[in-house]
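K.L.:
Mind having a look at this structure? Questions to follow.
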Amino acid sequence: MATTVQVSPLRVHSVRKPRQHRARTCCKIRRNLRRHNYQQFSKIAERTEAEQKDWDRWADGKSPIVRELHARFDPNVLYRYAETGQRCTVTAFLETGTVNINISGRYNKVDVNKTIQNVDPSMLEECDLPGPDEELGTKYTKQEDIARYVSQGQEGLGRVQKPN
């Protein structure tokens, strides 16, 4: 790799030419991820073996529908809700074959934290954790503000409407 020298009035320093191809680095990253079992970037937290056994034991006494949802969705994984595009966590498995989800400012930029009930599981897709430069947070956290937000519709607190 050729190195050029750039002269500034204060000092001389070398500048390397940028690499043209980074496939080698990407392969190294993937190899390290496989070696360390970091297969999912969407994991919020890891379970201990005891917690995993309790989690599996909990599902043993449930209906086949709930067991299928239990096997398909992990509450420690982040999902993207297709209808809004926001990240969410699964909070409940229902006998109807649907799930309840929580959309919060921990993983999104939202006006209020909310729980959505009876969501079709096909509307959820695993997604990555928010990046370090993403804006996160909940705009309204006080009960009075949330009540006014709900009662006046979202326009009542100055939310900009999407153009039609």
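Labels for the structure tokens follow display order: chains A, B, ..., residues from 1 in each chain, ligands from 1.
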May I have the residues within 12 Å of A:Leu78 as a PyMOL selection string, using only C-alpha atoms and disregarding those fewer than 5 positions away in the same chain?

P.N.:
chain A and resi 40-45+73+86-91+101-104+106-108+124-130

K.L.:
DSSP says alpha helix (DSSP H) for which residues of stretch 26-157 of chain A? Put them as JSON, numbers by chain?

P.N.:
{"A": [26, 27, 28, 29, 30, 31, 32, 33, 34, 35, 49, 50, 51, 52, 53, 54, 55, 56, 57, 58, 59, 60, 64, 65, 66, 67, 68, 69, 70, 71, 72, 143, 144, 145, 146, 147, 148, 149, 150, 151]}

K.L.:
Report as a list of chain:residue names: the residues of stretch 61-134 of chain A with a DSSP assignment of strand (DSSP E), based on the backbone of this structure.

P.N.:
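Strand (DSSP E) assignments inside stretch 61-134 of chain A correspond to A:Tyr79, A:Arg80, A:Tyr81, A:Gln86, A:Arg87, A:Cys88, A:Thr89, A:Val90, A:Thr91, A:Ala92, A:Phe93, A:Val99, A:Asn100, A:Ile101, A:Asn102, A:Ile103, A:Lys109, A:Val110, A:Lys114, A:Thr115, A:Ile116, A:Gln117, A:Asn118, A:Val119, A:Leu124, A:Glu125, A:Glu126.
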
K.L.:
Excluding A:Trp55 and its own-chain neighbours fewer than 6 positions away, which residues fall within 10 Å of it when counting only C-alpha atoms? Please give them as a VMD selection string.

P.N.:
chain A and resid 47 49 70 74

K.L.:
Print the selection's residues with N, CA and C atoms to a file, as a compact mmCIF listing (two decimals), in the first residue's frame.

P.N.:
# COMPACT_ATOMS: atom_id res chain seq x y z
N ARG A 47 -30.34 -14.95 28.73
CA ARG A 47 -30.85 -15.68 29.89
C ARG A 47 -29.78 -16.60 30.44
N GLU A 49 -28.89 -20.27 32.28
CA GLU A 49 -29.45 -21.61 32.04
C GLU A 49 -30.68 -21.85 32.91
N HIS A 70 -44.59 -19.26 21.85
CA HIS A 70 -43.45 -19.28 22.76
C HIS A 70 -42.18 -19.69 22.03
N ASP A 74 -39.27 -14.61 21.31
CA ASP A 74 -38.54 -14.53 22.57
C ASP A 74 -38.73 -13.11 23.12

K.L.:
Find the residue from A:Gly85, A:Ser151, A:Glu46, A:Ala71 that sits nearest to A:Trp58; use only C-alpha atoms when measuring.

P.N.:
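The closest residue to A:Trp58 is A:Ala71.
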
K.L.:
May I ask which of the residues A:Lys62, A:Arg72, A:Lys53, A:Lys139 is the closest one to A:Val110, counting only C-alpha atoms?

P.N.:
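Distance minimum relative to A:Val110 lands on A:Lys139.
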
K.L.:
What does the structure give for the distance between atom CA of A:Thr138 and atom CA of A:Lys114, in Å to one decimal?

P.N.:
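That distance, rounded to one decimal, is 10.3 Å.
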